[in-house]
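Asks: My structure is below; once you've seen it, I'll send some questions.
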Amino acid sequence: MCHPEVPEGTTPPNVRTEELAISVDGGAMPTFVAFPERARAPAVLVINDVFGRSPFYEHTSRRLAQAGFVAATPEFFFREGPLPEPTRDAAMARAKRLDFSRLVDDMSAAIDWLRTRPETNSAVGTIGFCMGGTIVLLLAARRRDIAASVCYYGFPADMRTPARPIDLAAKMKGPILGLWGDQDSGVGMENVKELDAELTASGVEHEFHIYPGLGHGFLKASLDDEGTPGYRQACESWTRTIAFYDAVL
């Protein structure tokens, strides 16, 4: 599982939010946007996982707004419709109907949209989780104007796009922050190491952190209590992410 829900009883950060829509090819993409107190703030595009725009991503957007960033998380499954049930099987079946090339186009359009919002300044970063982390890597290879990219457990060897992120490493623009757990067999640490080597060889500014003993989707532990396995590492990864944005956005 990735991030379908937020633990019951979690208090959301108290920030202003709006339900908006981004015009993309073939329709209007529903988008949850959270705003910080400061005006003309840097923006972060939050790219969700195979479950789509779950409460976790709305909460994550609120956390980013609390830290001082305009944060937007679109529902990129709007063409495919909602899940019939919140299960991994249902999510994977819907994902098979998703056009990945069009998804990258949609997220690129979302970056352009964020840049034109009156609440934002010229700096836009990205953050993606699982499948969204893969899209972050693909966007880093496609665009030169992304100020900061954060990839949480994306798939460097994903075959669902015309080229794997690893194959596009030389085209990527940094800085890129990558975060994985070393028990993530689905991603494969050998793939992360290969991407790291390719980025290094190409002179792309990046920083990868591998957390021992953690698997896929570990950031969700940061919303649990302190006794939850992986809680400390998950919180550290989030602190690192905010510090990264503060330094470059």
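Residue names in the structure tokens use chain letters A, B, ... in the order shown, residue numbers from 1 in each chain, and ligand numbers from 1 in the order shown.
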Please run DSSP on the backbone and report, as a list in words, all residues within stretch 180-225 of chain A that come out as helix (DSSP H, G or I).
Replies: Met189, Glu190, Asn191, Val192, Lys193, Glu194, Leu195, Asp196, Ala197, Glu198, Leu199, Thr200, Ala201, Phe218, Leu219, Lys220, Ala221, Ser222 and Leu223 of chain A
Asks: Stretch 209-222 of chain A: which residues within 8 Å, counting only C-alpha atoms, same-chain residues fewer than 3 positions away excluded, as a PDB file with N, CA and C atoms, in the first residue's frame?
Replies:
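around-v5.pdb, written as the output of this step:
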ATOM      1  N   MET A   1       0.831  -1.204   0.000  1.00  0.00           N
ATOM      2  CA  MET A   1       0.000   0.000   0.000  1.00  0.00           C
ATOM      3  C   MET A   1       0.866   1.255   0.000  1.00  0.00           C
ATOM      4  N   CYS A   2       0.369   2.298  -0.603  1.00  0.00           N
ATOM      5  CA  CYS A   2       1.078   3.576  -0.588  1.00  0.00           C
ATOM      6  C   CYS A   2       0.445   4.484   0.457  1.00  0.00           C
ATOM      7  N   HIS A   3      -0.371   5.432   0.046  1.00  0.00           N
ATOM      8  CA  HIS A   3      -0.904   6.401   1.007  1.00  0.00           C
ATOM      9  C   HIS A   3      -2.395   6.663   0.770  1.00  0.00           C
ATOM     10  N   VAL A   6      -5.288   8.962   5.909  1.00  0.00           N
ATOM     11  CA  VAL A   6      -4.592   9.610   7.014  1.00  0.00           C
ATOM     12  C   VAL A   6      -5.092   8.948   8.300  1.00  0.00           C
ATOM     13  N   PHE A 129       5.325  10.743  -4.980  1.00  0.00           N
ATOM     14  CA  PHE A 129       5.412   9.552  -4.153  1.00  0.00           C
ATOM     15  C   PHE A 129       5.051   8.319  -4.983  1.00  0.00           C
ATOM     16  N   CYS A 130       5.903   7.279  -4.901  1.00  0.00           N
ATOM     17  CA  CYS A 130       5.639   6.049  -5.630  1.00  0.00           C
ATOM     18  C   CYS A 130       5.553   6.358  -7.133  1.00  0.00           C
ATOM     19  N   TYR A 153      10.457   7.405  -3.113  1.00  0.00           N
ATOM     20  CA  TYR A 153      10.341   6.018  -3.589  1.00  0.00           C
ATOM     21  C   TYR A 153       9.716   5.878  -4.981  1.00  0.00           C
ATOM     22  N   LEU A 177      16.244  15.635  -4.904  1.00  0.00           N
ATOM     23  CA  LEU A 177      16.359  14.926  -3.635  1.00  0.00           C
ATOM     24  C   LEU A 177      15.589  13.624  -3.762  1.00  0.00           C
ATOM     25  N   GLY A 178      16.262  12.493  -3.565  1.00  0.00           N
ATOM     26  CA  GLY A 178      15.621  11.192  -3.650  1.00  0.00           C
ATOM     27  C   GLY A 178      15.642  10.470  -2.325  1.00  0.00           C
ATOM     28  N   LEU A 179      14.521   9.834  -1.965  1.00  0.00           N
ATOM     29  CA  LEU A 179      14.375   9.184  -0.662  1.00  0.00           C
ATOM     30  C   LEU A 179      13.740   7.807  -0.848  1.00  0.00           C
ATOM     31  N   TRP A 180      14.434   6.774  -0.367  1.00  0.00           N
ATOM     32  CA  TRP A 180      13.953   5.407  -0.484  1.00  0.00           C
ATOM     33  C   TRP A 180      14.241   4.635   0.800  1.00  0.00           C
ATOM     34  N   GLY A 181      13.529   3.538   0.996  1.00  0.00           N
ATOM     35  CA  GLY A 181      13.859   2.582   2.032  1.00  0.00           C
ATOM     36  C   GLY A 181      14.587   1.408   1.408  1.00  0.00           C
ATOM     37  N   ASP A 182      15.591   0.872   2.089  1.00  0.00           N
ATOM     38  CA  ASP A 182      16.406  -0.174   1.459  1.00  0.00           C
ATOM     39  C   ASP A 182      15.696  -1.519   1.347  1.00  0.00           C
ATOM     40  N   GLN A 183      14.499  -1.640   1.951  1.00  0.00           N
ATOM     41  CA  GLN A 183      13.717  -2.869   1.826  1.00  0.00           C
ATOM     42  C   GLN A 183      12.646  -2.768   0.732  1.00  0.00           C
ATOM     43  N   ASP A 184      12.740  -1.757  -0.091  1.00  0.00           N
ATOM     44  CA  ASP A 184      11.753  -1.540  -1.156  1.00  0.00           C
ATOM     45  C   ASP A 184      12.103  -2.417  -2.358  1.00  0.00           C
ATOM     46  N   SER A 185      11.664  -3.671  -2.313  1.00  0.00           N
ATOM     47  CA  SER A 185      11.998  -4.615  -3.372  1.00  0.00           C
ATOM     48  C   SER A 185      11.290  -4.290  -4.684  1.00  0.00           C
ATOM     49  N   GLY A 186      10.155  -3.614  -4.609  1.00  0.00           N
ATOM     50  CA  GLY A 186       9.441  -3.239  -5.829  1.00  0.00           C
ATOM     51  C   GLY A 186      10.227  -2.253  -6.668  1.00  0.00           C
ATOM     52  N   ASP A 225       2.032   7.516  15.787  1.00  0.00           N
ATOM     53  CA  ASP A 225       2.662   7.886  17.057  1.00  0.00           C
ATOM     54  C   ASP A 225       4.141   7.517  17.047  1.00  0.00           C
ATOM     55  N   THR A 228       5.647   3.970  16.409  1.00  0.00           N
ATOM     56  CA  THR A 228       5.473   3.281  15.136  1.00  0.00           C
ATOM     57  C   THR A 228       6.837   3.010  14.488  1.00  0.00           C
ATOM     58  N   PRO A 229       7.079   1.782  14.023  1.00  0.00           N
ATOM     59  CA  PRO A 229       8.341   1.512  13.334  1.00  0.00           C
ATOM     60  C   PRO A 229       8.548   2.462  12.160  1.00  0.00           C
ATOM     61  N   GLY A 230       9.723   3.059  12.084  1.00  0.00           N
ATOM     62  CA  GLY A 230      10.033   3.973  10.997  1.00  0.00           C
ATOM     63  C   GLY A 230       9.633   5.411  11.241  1.00  0.00           C
ATOM     64  N   TYR A 231       9.007   5.682  12.396  1.00  0.00           N
ATOM     65  CA  TYR A 231       8.535   7.041  12.681  1.00  0.00           C
ATOM     66  C   TYR A 231       9.670   8.054  12.636  1.00  0.00           C
ATOM     67  N   ARG A 232      10.769   7.768  13.315  1.00  0.00           N
ATOM     68  CA  ARG A 232      11.879   8.726  13.389  1.00  0.00           C
ATOM     69  C   ARG A 232      12.467   9.000  12.008  1.00  0.00           C
ATOM     70  N   GLN A 233      12.666   7.934  11.221  1.00  0.00           N
ATOM     71  CA  GLN A 233      13.243   8.116   9.883  1.00  0.00           C
ATOM     72  C   GLN A 233      12.285   8.869   8.965  1.00  0.00           C
ATOM     73  N   ALA A 234      10.987   8.578   9.078  1.00  0.00           N
ATOM     74  CA  ALA A 234      10.000   9.265   8.240  1.00  0.00           C
ATOM     75  C   ALA A 234       9.980  10.757   8.561  1.00  0.00           C
ATOM     76  N   CYS A 235       9.996  11.091   9.850  1.00  0.00           N
ATOM     77  CA  CYS A 235      10.022  12.502  10.240  1.00  0.00           C
ATOM     78  C   CYS A 235      11.311  13.175   9.770  1.00  0.00           C
ATOM     79  N   SER A 237      13.028  12.405   7.153  1.00  0.00           N
ATOM     80  CA  SER A 237      12.949  12.603   5.703  1.00  0.00           C
ATOM     81  C   SER A 237      12.118  13.840   5.363  1.00  0.00           C
ATOM     82  N   TRP A 238      11.058  14.066   6.127  1.00  0.00           N
ATOM     83  CA  TRP A 238      10.220  15.237   5.875  1.00  0.00           C
ATOM     84  C   TRP A 238      10.959  16.524   6.255  1.00  0.00           C
TER      85      TRP A 238
END
Asks: Select, from A:Ala141, A:His206, A:Gly125, A:Leu199, the residue with the minimum atom-to-atom distance to A:Leu249, counting only C-alpha atoms.
Replies: A:Gly125
Asks: Write out as a ChimeraX atom specification each polymer residue whose atoms come within 12 Å of A:Thr73, counting only C-alpha atoms; drop sequence neighbours fewer than 5 positions from it.
Replies: /A:17-22,29-34,43-49,52-62,64-65,106-107,110-111,114,126-129,132
Asks: Pull N, CA and C atoms from the residues just selected and write them as a short mmCIF file (atom, residue, chain, number, x, y, z; two decimals), in the first residue's frame.
Replies:
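Result went into out24.cif, see below:
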data_model
loop_
_atom_site.label_atom_id
_atom_site.label_comp_id
_atom_site.auth_asym_id
_atom_site.auth_seq_id
_atom_site.Cartn_x
_atom_site.Cartn_y
_atom_site.Cartn_z
N THR A 17 -7.47 26.62 2.15
CA THR A 17 -7.45 25.69 1.02
C THR A 17 -8.58 26.03 0.05
N GLU A 18 -8.39 25.61 -1.19
CA GLU A 18 -9.41 25.80 -2.22
C GLU A 18 -9.45 24.57 -3.12
N GLU A 19 -10.64 24.27 -3.63
CA GLU A 19 -10.81 23.28 -4.68
C GLU A 19 -10.86 24.04 -6.01
N LEU A 20 -9.87 23.81 -6.86
CA LEU A 20 -9.77 24.51 -8.13
C LEU A 20 -9.67 23.50 -9.26
N ALA A 21 -9.49 23.96 -10.47
CA ALA A 21 -9.37 23.06 -11.62
C ALA A 21 -8.32 23.61 -12.57
N ILE A 22 -7.57 22.71 -13.18
CA ILE A 22 -6.54 23.08 -14.14
C ILE A 22 -6.99 22.60 -15.52
N MET A 29 -8.89 19.36 -14.74
CA MET A 29 -8.33 18.46 -13.73
C MET A 29 -8.56 19.02 -12.33
N PRO A 30 -9.39 18.35 -11.50
CA PRO A 30 -9.64 18.83 -10.14
C PRO A 30 -8.34 18.91 -9.34
N THR A 31 -8.19 20.01 -8.59
CA THR A 31 -6.93 20.23 -7.88
C THR A 31 -7.19 20.85 -6.52
N PHE A 32 -6.63 20.24 -5.50
CA PHE A 32 -6.69 20.75 -4.13
C PHE A 32 -5.46 21.63 -3.93
N VAL A 33 -5.69 22.88 -3.48
CA VAL A 33 -4.59 23.83 -3.30
C VAL A 33 -4.61 24.35 -1.87
N ALA A 34 -3.45 24.33 -1.23
CA ALA A 34 -3.29 24.86 0.12
C ALA A 34 -2.36 26.07 0.06
N ALA A 43 6.00 27.68 -5.03
CA ALA A 43 4.96 26.67 -5.17
C ALA A 43 5.56 25.28 -5.28
N VAL A 44 4.79 24.29 -4.83
CA VAL A 44 5.19 22.89 -4.95
C VAL A 44 4.02 22.10 -5.54
N LEU A 45 4.30 21.38 -6.61
CA LEU A 45 3.32 20.48 -7.20
C LEU A 45 3.45 19.12 -6.53
N VAL A 46 2.37 18.65 -5.91
CA VAL A 46 2.36 17.37 -5.19
C VAL A 46 1.74 16.32 -6.11
N ILE A 47 2.54 15.32 -6.49
CA ILE A 47 2.08 14.30 -7.45
C ILE A 47 1.83 13.01 -6.71
N ASN A 48 0.59 12.57 -6.73
CA ASN A 48 0.18 11.46 -5.88
C ASN A 48 0.53 10.09 -6.47
N ASP A 49 0.09 9.04 -5.77
CA ASP A 49 0.47 7.68 -6.15
C ASP A 49 -0.67 6.99 -6.89
N GLY A 52 -4.39 7.77 -6.39
CA GLY A 52 -4.94 9.06 -6.77
C GLY A 52 -4.89 10.05 -5.63
N ARG A 53 -5.74 11.06 -5.70
CA ARG A 53 -5.70 12.16 -4.73
C ARG A 53 -6.41 11.75 -3.45
N SER A 54 -5.71 11.05 -2.61
CA SER A 54 -6.26 10.57 -1.35
C SER A 54 -6.11 11.63 -0.26
N PRO A 55 -6.75 11.43 0.91
CA PRO A 55 -6.59 12.38 2.02
C PRO A 55 -5.13 12.62 2.41
N PHE A 56 -4.27 11.62 2.21
CA PHE A 56 -2.86 11.79 2.54
C PHE A 56 -2.25 12.95 1.78
N TYR A 57 -2.60 13.10 0.52
CA TYR A 57 -1.99 14.15 -0.30
C TYR A 57 -2.57 15.52 -0.01
N GLU A 58 -3.82 15.56 0.37
CA GLU A 58 -4.38 16.83 0.82
C GLU A 58 -3.70 17.25 2.13
N HIS A 59 -3.47 16.28 3.01
CA HIS A 59 -2.78 16.58 4.26
C HIS A 59 -1.35 17.01 3.99
N THR A 60 -0.68 16.34 3.07
CA THR A 60 0.69 16.71 2.71
C THR A 60 0.74 18.11 2.15
N SER A 61 -0.23 18.47 1.33
CA SER A 61 -0.29 19.83 0.79
C SER A 61 -0.47 20.84 1.90
N ARG A 62 -1.30 20.53 2.87
CA ARG A 62 -1.47 21.41 4.03
C ARG A 62 -0.15 21.57 4.80
N LEU A 64 2.85 21.36 3.60
CA LEU A 64 3.73 22.21 2.81
C LEU A 64 3.32 23.68 2.93
N ALA A 65 2.01 23.94 2.93
CA ALA A 65 1.54 25.31 3.10
C ALA A 65 1.91 25.85 4.48
N ASP A 106 -0.05 16.42 -18.39
CA ASP A 106 -0.94 17.05 -17.42
C ASP A 106 -0.16 17.69 -16.28
N MET A 107 0.85 16.99 -15.78
CA MET A 107 1.63 17.53 -14.66
C MET A 107 2.50 18.70 -15.12
N ALA A 110 0.25 21.56 -15.08
CA ALA A 110 0.02 22.00 -13.70
C ALA A 110 1.15 22.91 -13.23
N ILE A 111 2.38 22.63 -13.65
CA ILE A 111 3.50 23.50 -13.30
C ILE A 111 3.29 24.88 -13.91
N LEU A 114 0.58 26.70 -11.95
CA LEU A 114 1.05 27.20 -10.66
C LEU A 114 1.87 28.48 -10.84
N THR A 126 8.67 20.31 -7.32
CA THR A 126 7.79 19.15 -7.39
C THR A 126 8.11 18.19 -6.25
N ILE A 127 7.11 17.40 -5.88
CA ILE A 127 7.31 16.29 -4.95
C ILE A 127 6.35 15.19 -5.39
N GLY A 128 6.86 13.97 -5.47
CA GLY A 128 6.02 12.86 -5.90
C GLY A 128 6.33 11.61 -5.10
N PHE A 129 5.33 10.74 -4.98
CA PHE A 129 5.41 9.55 -4.15
C PHE A 129 5.05 8.32 -4.98
N GLY A 132 4.07 8.75 -8.46
CA GLY A 132 4.29 10.18 -8.55
C GLY A 132 5.76 10.54 -8.50
#
Asks: Could you list, as number ranges by chain, every residue within 9 Å of A:Trp113, counting only C-alpha atoms and ignoring same-chain residues fewer than 4 positions away?
Replies: A: 22-23, 108-109, 117
Asks: With distances taken over only C-alpha atoms, which of A:Arg63, A:Ala71, A:Gly9, A:Phe100 is nearest to A:Thr239?
Replies: A:Arg63
Asks: Of the candidates A:Asp99, A:Tyr245, A:Phe51, A:Leu139, which shows the shortest atom-to-atom distance to A:Leu83, using only C-alpha atoms?
Replies: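 Once distances to A:Leu83 are computed over only C-alpha atoms, the minimum belongs to A:Phe51.
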Asks: Contacts of A:Arg38 at 9 Å or less, counting only C-alpha atoms, minus same-chain residues fewer than 2 places along, as number ranges by chain?
Replies: A: 35-36, 40-41, 68-69, 119
Asks: Would you save the residues of that selection, restricted to N, CA and C atoms, as a compact mmCIF listing (two decimals), in the first residue's frame?
Replies:
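Below is the file that was written, out.txt:
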# COMPACT_ATOMS: atom_id res chain seq x y z
N PHE A 35 -2.70 27.11 0.82
CA PHE A 35 -1.97 28.38 0.74
C PHE A 35 -1.31 28.72 2.07
N PRO A 36 -0.09 29.24 2.02
CA PRO A 36 0.59 29.68 3.24
C PRO A 36 0.12 31.07 3.64
N ARG A 40 2.84 35.69 -2.32
CA ARG A 40 3.82 35.47 -3.38
C ARG A 40 4.87 34.44 -2.94
N ALA A 41 4.41 33.28 -2.60
CA ALA A 41 5.29 32.23 -2.09
C ALA A 41 5.72 31.28 -3.20
N GLY A 68 5.21 27.20 4.42
CA GLY A 68 5.43 28.42 3.66
C GLY A 68 5.33 28.33 2.16
N PHE A 69 4.75 27.22 1.64
CA PHE A 69 4.69 27.04 0.20
C PHE A 69 3.24 26.90 -0.28
N GLU A 119 -0.82 34.00 -6.26
CA GLU A 119 -0.27 33.73 -4.92
C GLU A 119 1.18 33.24 -4.97
Asks: Please run DSSP on the backbone and report, as a count of residues only, all residues within stretch 19-130 of chain A that come out as strand (DSSP E or B).
Replies: 39
Asks: If I take atom CA of A:Asn191 and atom CA of A:Ala157, how far is one from the other in Å, to one decimal?
Replies: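 So the answer is 6.3 Å.
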Asks: Please determine, counting only C-alpha atoms, which residue among A:Met189, A:Cys151, A:Val50, A:Leu195 has the shortest atom-to-atom distance to A:Arg97.
Replies: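 For A:Arg97, the nearest of the given residues is A:Val50.
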Asks: Counting only C-alpha atoms, figure out which residue out of A:Gly227, A:Pro7, A:Ala95, A:Asp246 gets nearest to A:Arg160.
Replies: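 For A:Arg160, the nearest of the given residues is A:Ala95.
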Asks: Work out how far apart atom CA of A:Pro42 and atom CA of A:Asn14 are and give it in Å to one decimal.
Replies: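 That distance, rounded to one decimal, is 18.8 Å.
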Asks: So, counting only C-alpha atoms, which residue among A:Arg142, A:Glu75, A:Leu168, A:Asp89 is closest to A:Ala28?
Replies: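 With only C-alpha atoms as the atom set, the closest residue is A:Glu75.
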